[in-house]
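**Student:** My structure is stored as entry_16.txt, with compact mmCIF, C-alpha atoms.
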# COMPACT_ATOMS: atom_id res chain seq x y z
CA MET G 1 0.00 0.00 0.00
CA ARG G 2 1.40 3.37 -1.06
CA ARG G 3 0.99 6.14 1.51
CA LYS G 4 -0.10 9.71 0.78
CA PRO G 5 2.68 12.32 0.90
CA GLY G 6 3.15 13.78 4.39
CA GLU G 7 1.05 11.06 6.00
CA LEU G 8 2.52 8.98 8.83
CA VAL G 9 2.24 5.18 8.80
CA PRO G 10 1.19 3.44 12.07
CA LEU G 11 4.79 2.49 12.95
CA GLU G 12 5.95 6.09 12.60
CA ILE G 13 3.08 7.29 14.79
CA GLU G 14 4.03 4.63 17.33
CA ILE G 15 7.67 5.76 17.29
CA LEU G 16 6.68 9.39 17.77
CA GLU G 17 4.27 8.46 20.59
CA ALA G 18 7.03 6.51 22.34
CA ALA G 19 9.52 9.33 21.84
CA THR G 20 7.01 11.82 23.24
CA ALA G 21 6.49 9.57 26.27
CA LEU G 22 10.27 9.44 26.83
CA GLU G 23 10.46 13.21 26.49
CA ARG G 24 7.70 13.62 29.09
CA ASN G 25 9.86 11.54 31.45
CA GLY G 26 12.73 13.95 30.92
CA ILE G 27 14.64 11.91 28.32
CA THR G 28 15.02 14.36 25.45
CA ALA G 29 17.66 12.36 23.53
CA PHE G 30 17.06 8.63 23.18
CA HIS G 31 18.72 5.71 21.39
CA GLY G 32 17.09 3.00 19.28
CA TYR G 33 16.88 0.33 21.98
CA SER G 34 15.35 2.69 24.57
CA LEU G 35 12.76 3.63 21.99
CA ALA G 36 12.00 -0.03 21.23
CA LYS G 37 11.51 -0.63 24.95
CA SER G 38 9.28 2.41 25.29
CA MET G 39 7.21 1.17 22.34
CA ARG G 40 6.73 -2.17 24.07
CA THR G 41 5.52 -0.52 27.29
CA GLY G 42 1.75 -0.56 27.45
CA THR G 43 1.38 -3.41 24.98
CA ASP G 44 0.38 -6.85 26.17
CA GLY G 45 3.78 -8.47 26.30
CA ARG G 46 4.49 -7.72 22.67
CA MET G 47 8.01 -8.44 21.45
CA LEU G 48 10.48 -5.61 20.88
CA THR G 49 10.29 -4.00 17.44
CA ALA G 50 12.63 -5.69 14.97
CA HIS G 51 15.96 -3.99 14.21
CA GLY G 52 15.19 -3.46 10.52
CA THR G 53 11.67 -2.16 11.14
CA LEU G 54 12.75 0.23 13.90
CA TYR G 55 15.80 1.71 12.20
CA ARG G 56 14.11 2.02 8.82
CA GLY G 57 11.28 3.91 10.54
CA LEU G 58 13.76 6.15 12.36
CA HIS G 59 15.58 6.80 9.07
CA ARG G 60 12.31 7.83 7.40
CA LEU G 61 11.32 10.12 10.28
CA GLN G 62 14.75 11.67 10.19
CA ARG G 63 14.43 12.34 6.45
CA ALA G 64 11.00 13.86 7.09
CA LYS G 65 12.71 16.17 9.63
CA LEU G 66 10.50 14.91 12.47
CA LEU G 67 13.55 13.54 14.28
CA GLU G 68 17.14 14.69 14.36
CA ALA G 69 19.95 12.24 14.94
CA PHE G 70 23.45 12.69 16.30
CA TRP G 71 26.22 10.55 17.76
CA GLU G 72 26.92 10.95 21.45
CA ASP G 73 30.28 12.12 22.76
CA PRO G 74 32.73 9.18 22.39
CA ALA G 75 34.29 10.05 25.74
CA GLU G 76 30.99 9.38 27.49
CA ALA G 77 30.61 5.96 25.83
CA GLU G 78 34.20 5.13 26.73
CA ARG G 79 33.67 6.17 30.34
CA GLU G 80 30.67 3.85 30.62
CA GLY G 81 32.48 1.06 28.74
CA ARG G 82 29.84 0.58 26.02
CA PRO G 83 29.48 1.23 22.27
CA ARG G 84 28.71 4.77 21.24
CA ARG G 85 24.99 5.55 20.99
CA ARG G 86 23.27 7.20 18.08
CA LEU G 87 20.78 9.50 19.74
CA TYR G 88 17.52 10.89 18.39
CA ARG G 89 15.61 13.99 19.38
CA LEU G 90 12.09 15.10 18.44
CA THR G 91 11.92 18.24 16.34
CA ALA G 92 9.23 20.93 16.61
CA LEU G 93 7.65 19.53 13.44
CA ALA G 94 7.12 16.16 15.14
CA ALA G 95 4.52 17.51 17.57
CA VAL G 96 2.56 19.08 14.70
CA ALA G 97 2.71 15.88 12.63
CA LEU G 98 1.70 13.73 15.59
CA ASN G 99 -1.27 15.93 16.49
CA ARG G 100 -2.39 15.88 12.86
CA ALA G 101 -2.07 12.07 12.74
CA ARG G 102 -4.11 11.78 15.94
CA ALA G 103 -6.78 14.11 14.56
CA ASN G 104 -6.98 12.04 11.37
CA LYS G 105 -7.29 8.85 13.42
CA ARG G 106 -9.97 10.41 15.55
CA ALA G 107 -11.87 11.58 12.48
CA SER G 108 -11.75 8.07 11.06
CA GLY G 109 -12.98 6.70 14.41
CA ASP G 110 -9.79 4.76 15.21
CA LEU G 111 -9.03 6.87 18.28
CA PRO G 112 -11.32 8.07 21.11
CA SER G 113 -11.81 11.83 21.64
CA PRO G 114 -9.00 13.53 23.58
CA GLU G 115 -11.04 14.24 26.76
CA GLY G 116 -8.67 13.63 29.60
CA GLY G 117 -5.99 12.55 27.14
CA LEU G 118 -2.77 14.33 26.44
CA GLU G 119 -2.14 16.47 23.38
CA VAL G 120 1.41 17.13 22.33
CA SER G 121 2.17 20.80 22.72
CA MET N 1 26.38 -14.36 28.12
CA SER N 2 24.96 -17.73 27.08
CA ALA N 3 25.91 -19.57 23.90
CA THR N 4 22.49 -18.76 22.42
CA GLN N 5 22.95 -15.06 23.14
CA ARG N 6 26.48 -15.07 21.68
CA MET N 7 25.23 -16.84 18.58
CA ALA N 8 22.29 -14.40 18.26
CA VAL N 9 24.61 -11.39 18.53
CA TRP N 10 26.93 -12.94 15.94
CA VAL N 11 24.01 -13.56 13.54
CA ALA N 12 22.67 -9.99 13.98
CA ARG N 13 26.12 -8.49 13.38
CA ALA N 14 26.85 -10.74 10.40
CA TRP N 15 23.49 -9.85 8.84
CA ALA N 16 24.13 -6.11 9.39
CA HIS N 17 27.54 -6.48 7.73
CA LEU N 18 25.97 -8.35 4.82
CA TYR N 19 23.11 -6.00 3.98
CA THR N 20 25.20 -2.84 4.46
CA SER N 21 28.12 -4.11 2.37
CA ARG N 22 29.02 -1.91 -0.62
CA MET N 23 26.84 0.90 0.68
CA PRO N 24 28.21 4.46 0.98
CA THR N 25 30.69 4.57 3.87
CA GLU N 26 28.67 6.93 6.06
CA LEU N 27 25.48 4.84 5.88
CA ARG N 28 27.37 1.56 6.26
CA VAL N 29 29.43 2.58 9.27
CA SER N 30 26.51 4.35 10.92
CA ARG N 31 24.06 1.43 10.57
CA ARG N 32 26.60 -1.17 11.77
CA ALA N 33 27.53 0.95 14.79
CA GLU N 34 23.88 1.54 15.60
CA ILE N 35 23.12 -2.21 15.52
CA ASP N 36 26.19 -2.89 17.69
CA SER N 37 24.95 -0.36 20.21
CA ASP N 38 21.41 -1.79 20.16
CA LEU N 39 22.74 -5.34 20.75
CA TRP N 40 24.86 -4.16 23.66
CA GLU N 41 21.97 -2.22 25.24
CA HIS N 42 19.67 -5.21 24.77
CA ALA N 43 22.11 -7.57 26.46
CA ARG N 44 22.68 -5.16 29.36
CA ASP N 45 18.96 -4.59 29.78
CA GLY N 46 18.48 -8.37 29.92
CA GLN N 47 21.05 -8.58 32.73
CA GLU N 48 19.52 -5.67 34.64
CA THR N 49 15.97 -6.99 34.43
CA GLY N 50 17.07 -10.53 35.28
CA THR N 51 15.93 -11.98 31.95
CA ARG N 52 17.48 -15.36 31.22
CA PRO N 53 20.30 -15.06 28.64
CA LEU N 54 18.56 -17.71 26.52
CA ILE N 55 15.43 -15.51 26.29
CA THR N 56 17.51 -12.42 25.48
CA GLY N 57 19.32 -14.39 22.77
CA LEU N 58 16.04 -15.58 21.27
CA GLU N 59 14.67 -12.01 21.36
CA ILE N 60 17.74 -10.75 19.47
CA LEU N 61 17.36 -13.53 16.89
CA TRP N 62 13.67 -12.76 16.53
CA ARG N 63 14.34 -9.00 16.09
CA THR N 64 16.96 -9.76 13.45
CA CYS N 65 14.85 -12.25 11.46
CA VAL N 66 11.61 -10.24 11.51
CA GLY N 67 13.43 -7.10 10.33
CA VAL N 68 15.11 -8.72 7.32
CA VAL N 69 12.58 -7.40 4.77
CA ASP N 70 12.81 -3.87 6.21
CA ASP N 71 16.62 -4.04 6.21
CA LEU N 72 16.62 -4.95 2.52
CA THR N 73 14.00 -2.31 1.71
CA TRP N 74 16.07 0.30 3.56
CA ARG N 75 19.12 -0.72 1.56
CA PHE N 76 17.31 -0.38 -1.79
CA GLU N 77 15.72 2.95 -0.79
CA ALA N 78 19.09 4.35 0.34
CA ALA N 79 20.79 3.13 -2.85
CA ARG N 80 18.05 4.74 -4.99
CA GLN N 81 18.35 8.07 -3.15
CA GLN N 82 22.11 7.97 -3.55
CA ARG N 83 21.77 7.22 -7.28
CA ASP N 84 19.22 10.03 -7.81
CA ALA N 85 21.40 12.55 -5.95
CA SER N 86 24.49 11.49 -7.87
CA HIS N 87 22.68 11.75 -11.25
CA SER N 88 21.42 15.26 -10.58
CA GLY N 89 24.89 16.32 -9.31
CA ARG N 90 26.59 14.88 -12.43
CA ARG N 91 24.12 16.61 -14.77
CA LEU N 92 24.80 19.97 -13.10
CA LEU N 93 28.54 19.35 -13.28
CA MET N 94 28.31 18.60 -17.02
CA ASP N 95 26.17 21.71 -17.66
CA ILE N 96 28.66 23.91 -15.84
CA SER N 97 31.65 22.31 -17.58
CA ALA N 98 30.02 22.95 -20.97
CA ARG N 99 29.37 26.57 -19.98
CA GLN N 100 32.95 26.97 -18.76
CA ALA N 101 34.19 25.64 -22.12
CA ARG N 102 31.97 28.16 -23.94
CA TRP N 103 33.33 31.05 -21.85
CA VAL N 104 36.92 29.98 -22.44
CA SER N 105 36.15 29.83 -26.19
CA ILE N 106 34.63 33.33 -26.13
CA LEU N 107 37.71 34.67 -24.33
CA ALA N 108 40.08 32.83 -26.71
CA VAL N 109 38.34 34.26 -29.81
CA ALA N 110 38.27 37.78 -28.29
CA THR N 111 41.96 37.53 -27.31
CA GLY N 112 42.93 36.18 -30.76
CA ALA N 113 41.04 38.98 -32.53
CA THR N 114 42.59 41.65 -30.27
CA VAL N 115 46.13 40.28 -30.74
CA ILE N 116 45.77 40.12 -34.56
CA LEU N 117 44.25 43.60 -34.59
CA LEU N 118 46.53 45.46 -32.15
CA PHE N 119 49.80 43.62 -32.83
CA GLY N 120 49.34 42.95 -36.58
CA LEU N 121 46.75 44.95 -38.51
CA VAL N 122 47.00 48.31 -36.70
CA PRO N 123 50.85 48.67 -36.82
CA THR N 124 50.81 47.68 -40.54
CA LEU N 125 48.07 50.19 -41.38
CA ARG N 126 49.74 52.89 -39.21
CA VAL N 127 52.97 52.57 -41.26
CA TYR N 128 50.96 52.65 -44.50
CA PHE N 129 48.94 55.73 -43.43
CA ALA N 130 52.14 57.53 -42.31
CA SER N 131 53.99 56.79 -45.57
CA ALA N 132 50.97 57.86 -47.65
CA GLY N 133 50.56 61.03 -45.54
CA ILE N 134 46.90 60.25 -44.85
CA PRO N 135 45.51 62.25 -41.91
CA LEU N 136 44.04 60.08 -39.10
CA PRO N 137 40.61 60.82 -37.59
CA LEU N 138 40.19 60.69 -33.77
CA PRO N 139 38.82 57.09 -33.54
CA THR N 140 41.77 55.80 -35.58
CA ARG N 141 44.25 57.76 -33.46
CA ILE N 142 42.77 56.20 -30.30
CA VAL N 143 43.14 52.66 -31.68
CA VAL N 144 46.69 53.40 -32.92
CA GLY N 145 47.55 54.77 -29.46
CA LEU N 146 46.12 51.63 -27.84
CA SER N 147 48.11 49.44 -30.23
CA THR N 148 51.32 51.32 -29.46
CA PHE N 149 50.65 51.02 -25.72
CA VAL N 150 50.03 47.22 -25.76
CA THR N 151 53.01 46.67 -28.08
CA VAL N 152 55.38 48.64 -25.82
CA TYR N 153 53.92 47.30 -22.56
CA TRP N 154 53.32 43.76 -23.88
CA TRP N 155 54.10 42.27 -20.46
CA ALA N 156 51.25 44.28 -18.89
CA SER N 157 48.93 43.06 -21.66
CA LEU N 158 50.00 39.50 -20.98
CA ALA N 159 49.37 39.94 -17.23
CA VAL N 160 45.87 41.31 -17.90
CA GLY N 161 45.16 38.37 -20.26
CA VAL N 162 46.28 35.81 -17.65
CA ALA N 163 44.27 37.54 -14.90
CA LEU N 164 41.18 37.56 -17.11
CA PHE N 165 41.61 33.86 -17.92
CA LEU N 166 42.09 32.88 -14.26
CA GLY N 167 39.18 35.07 -13.15
CA LEU N 168 36.91 33.56 -15.75
CA THR N 169 37.77 29.96 -14.93
CA ARG N 170 37.25 30.73 -11.23
CA LEU N 171 33.91 32.39 -11.94
CA THR N 172 32.63 29.54 -14.09
CA ARG N 173 33.94 26.56 -12.15
CA VAL N 174 31.74 24.26 -10.03
CA ASP N 175 31.32 25.47 -6.46
CA ALA N 176 31.93 22.25 -4.55
CA ILE N 177 31.86 23.95 -1.16
CA HIS N 178 28.47 25.63 -1.31
CA GLY N 179 26.85 22.81 -3.24
CA GLY N 180 23.90 22.69 -5.61
CA GLU N 181 22.09 25.94 -4.77
CA ALA N 182 25.19 28.09 -5.20
CA ASN N 183 25.95 26.33 -8.49
CA THR N 184 22.41 26.87 -9.76
CA ALA N 185 22.55 30.60 -8.86
CA ARG N 186 25.92 30.93 -10.61
CA GLU N 187 24.57 29.06 -13.63
CA ALA N 188 21.63 31.52 -13.87
CA ALA N 189 23.94 34.55 -13.54
CA LEU N 190 26.28 33.24 -16.26
CA THR N 191 23.34 32.53 -18.59
CA LYS N 192 22.31 36.20 -18.30
CA LEU N 193 25.88 37.48 -18.67
CA GLU N 194 26.88 35.39 -21.70
CA PRO N 195 25.01 37.28 -24.51
CA ILE N 196 25.97 40.65 -22.96
CA VAL N 197 29.69 39.77 -22.99
CA ILE N 198 29.56 38.34 -26.53
CA LEU N 199 27.75 41.46 -27.80
CA GLY N 200 30.12 43.79 -25.92
CA LEU N 201 33.28 42.12 -27.24
CA SER N 202 31.91 42.04 -30.79
CA VAL N 203 31.06 45.75 -30.63
CA VAL N 204 34.54 46.67 -29.27
CA VAL N 205 36.45 44.57 -31.86
CA GLY N 206 34.12 45.74 -34.67
CA ALA N 207 34.56 49.39 -33.65
CA MET N 208 38.37 49.03 -33.66
CA VAL N 209 38.33 47.45 -37.14
CA LEU N 210 36.00 50.18 -38.39
CA ALA N 211 38.20 52.89 -36.83
CA MET N 212 41.24 51.55 -38.74
CA PHE N 213 39.40 51.66 -42.05
CA LEU N 214 37.98 55.19 -41.52
CA PRO N 215 41.01 56.93 -43.17
CA ILE N 216 40.66 54.67 -46.25
CA PHE N 217 36.95 55.56 -46.53
CA ASP N 218 37.93 59.26 -46.23
CA VAL N 219 40.53 58.88 -49.01
CA VAL N 220 38.08 56.98 -51.28
CA SER N 221 35.31 59.54 -50.72
CA ALA N 222 37.80 62.43 -51.36
CA MET N 223 38.90 60.76 -54.64
CA ARG N 224 35.24 60.61 -55.77
How would this structure read if it were set down as structure tokens?
**Tutor:**
Amino acid sequence: MRRKPGELVPLEIEILEAATALERNGITAFHGYSLAKSMRTGTDGRMLTAHGTLYRGLHRLQRAKLLEAFWEDPAEAEREGRPRRRLYRLTALAAVALNRARANKRASGDLPSPEGGLEVS
Amino acid sequence: MSATQRMAVWVARAWAHLYTSRMPTELRVSRRAEIDSDLWEHARDGQETGTRPLITGLEILWRTCVGVVDDLTWRFEAARQQRDASHSGRRLLMDISARQARWVSILAVATGATVILLFGLVPTLRVYFASAGIPLPLPTRIVVGLSTFVTVYWWASLAVGVALFLGLTRLTRVDAIHGGEANTAREAALTKLEPIVILGLSVVVGAMVLAMFLPIFDVVSAMR
């Protein structure tokens, strides 16, 4: 199925939702695995998102300028004795795109009305 | 780390090496490093949450196998984007090279015409006019004066010619630093400038030739 230009596919919405949840918890820059874990939270024991699916989605969101990616300081990775992380951060455009995707979902009846729910600001 | 987990990590790494092979260096290195980091974080998270290494290993294997189609799709998409970008860059490079060649040709023709005129035709006609005692009108005297100047100060003329050539090649070359937009802007500016320069040079050379033949026209009209 070919998507309309500018429209987010369910996986991308899920990634942005998870990233927003991380951001709400004070984690503004997150790596792929932390995102996969955040995406699993709230699901009924679902497996972690596959490597290919997750990183392809992140790559697409990055190209759409909804996420920005950067490599962390190598000194920090060395200090903690682990491989260097590629970190992602939500851009201002992401909130707009996510709200629009939610509105579209709501209009199509896939999502309940936002009463009591959180809107991305 | 259990044998299953070690094997799963090895499979995930080997697969990442396989599907990123022969990709542009930046994409290849970045994706491999990102997978390495993910595997490490996954293993550490398994330890921290007390998950059995066998389960962590199976999760890694599952994540690798289920993502195979997306990995391959990502590879083809990235290769296509790279190819498209490289085609448009090459086309622009060829356009600018062709334009640069045209500008060098214009300068070569203008220089050749000026050299023949000022170093060959004008001194010959000046000697002829002097020996025949033909009076020179102002435009002819200006061109004769210019010819005398460039003949005496030939080294200055040569320096100006070299500076013009270097300036022109610098102006028309591909701007690799500022990329496509700067090149496109330069291309548009040169397209506008080209007919103006050709017309200007033609008018100057034509006027000099005409100025040198003015005394002959005067003589012919006086004879009639």
**Student:** So how far away is CA of Leu107 (chain N) from CA of Pro123 (chain N), in Å?
**Tutor:**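 Those two atoms sit 22.9 Å apart.
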**Student:** Within 12 Å of Leu8 (chain G), counting all atoms listed in the file, which residues show up once you throw out same-chain ones fewer than 5 positions away? Write them as a list in words, please.
**Tutor:**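 That gives Arg2, Arg3, Ile13, Glu14, Ile15, Leu16, Glu17, Gly57, Arg60, Leu61, Ala64, Leu66, Ala94, Val96, Ala97, Leu98, Asn99, Arg100, Ala101, Arg102, Asn104 and Lys105 of chain G.
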**Student:** Would you compute the distance between CA of Arg32 (chain N) and CA of Val66 (chain N)? Give it in Å to one decimal.
**Tutor:**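 According to the coordinates, CA of Arg32 (chain N) and CA of Val66 (chain N) are separated by 17.5 Å.
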**Student:** Tell me which protein, DNA and RNA residues are within 12 Å of Pro137 (chain N), counting all atoms listed in the file, leaving out same-chain ones fewer than 4 positions away, and put them as a list in words.
**Tutor:**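 These residues fall inside the cut-off: Phe129, Arg141, Ile142, Val143, Val144, Leu210, Ala211, Met212, Phe213, Leu214, Pro215, Ile216, Phe217, Asp218 and Val219 of chain N.
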**Student:** Just write the chosen residues, C-alpha atoms, as a JSON list (two decimals), in the coordinates of the input.
**Tutor:**
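result-v1.json written:
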[["chain", "number", "residue", "atom", "x", "y", "z"],
["N", 129, "PHE", "CA", 48.94, 55.73, -43.43],
["N", 141, "ARG", "CA", 44.25, 57.76, -33.46],
["N", 142, "ILE", "CA", 42.77, 56.20, -30.30],
["N", 143, "VAL", "CA", 43.14, 52.66, -31.68],
["N", 144, "VAL", "CA", 46.69, 53.40, -32.92],
["N", 210, "LEU", "CA", 36.00, 50.18, -38.39],
["N", 211, "ALA", "CA", 38.20, 52.89, -36.83],
["N", 212, "MET", "CA", 41.24, 51.55, -38.74],
["N", 213, "PHE", "CA", 39.40, 51.66, -42.05],
["N", 214, "LEU", "CA", 37.98, 55.19, -41.52],
["N", 215, "PRO", "CA", 41.01, 56.93, -43.17],
["N", 216, "ILE", "CA", 40.66, 54.67, -46.25],
["N", 217, "PHE", "CA", 36.95, 55.56, -46.53],
["N", 218, "ASP", "CA", 37.93, 59.26, -46.23],
["N", 219, "VAL", "CA", 40.53, 58.88, -49.01]]
**Student:** Measuring between all atoms listed in the file, which one of G:Arg85, G:Lys37, G:Lys65, G:Arg24 shows the shortest distance to chain N?
**Tutor:** G:Arg85
**Student:** When the cut-off is 8 Å and we count only C-alpha atoms, which residues of chain N are near chain G, given as number ranges by chain?
**Tutor:** N: 33-38, 40-42, 59, 62-71, 74
**Student:** Tell me, as an MDAnalysis selection string, which residues lie within 9 Å of Leu117 (chain N), counting all atoms listed in the file; anything in the same chain fewer than 4 positions away does not count.
**Tutor:** chainID N and resid 112:113 121:123 147 205 208:209
**Student:** Between CA of Leu146 (chain N) and CA of Ile134 (chain N), what is the distance in Å, rounded to a tenth?
**Tutor:**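 Straight-line distance from CA of Leu146 (chain N) to CA of Ile134 (chain N) works out to 19.1 Å.
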**Student:** Nearest to Thr20 (chain G) among G:Ala103, G:Ala75, G:Leu90, G:Leu58, with distances taken over all atoms listed in the file: which residue is it?
**Tutor:**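 Under the stated criterion, the closest residue is G:Leu90.
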**Student:** Would you list the contacts of Gly57 (chain N) as number ranges by chain, taking every protein, DNA or RNA residue within 10 Å and counting all atoms listed in the file, but skipping same-chain residues closer than 4 positions in sequence?
**Tutor:** N: 1-9, 39, 42-43, 46, 52-53, 61-63
**Student:** Which residues come within 12 Å of Val197 (chain N), counting all atoms listed in the file, excluding same-chain residues fewer than 2 positions away, as a ChimeraX atom specification?
**Tutor:** /N:102-103,106-107,110,168,190-195,199-204
**Student:** Which of these, N:Val162, N:Thr20, N:Ile55, N:Val109, has the shortest distance to Thr73 (chain N) once you count all atoms listed in the file?
**Tutor:**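 Looking at the shortest contact to Thr73 (chain N), the residue is N:Thr20.
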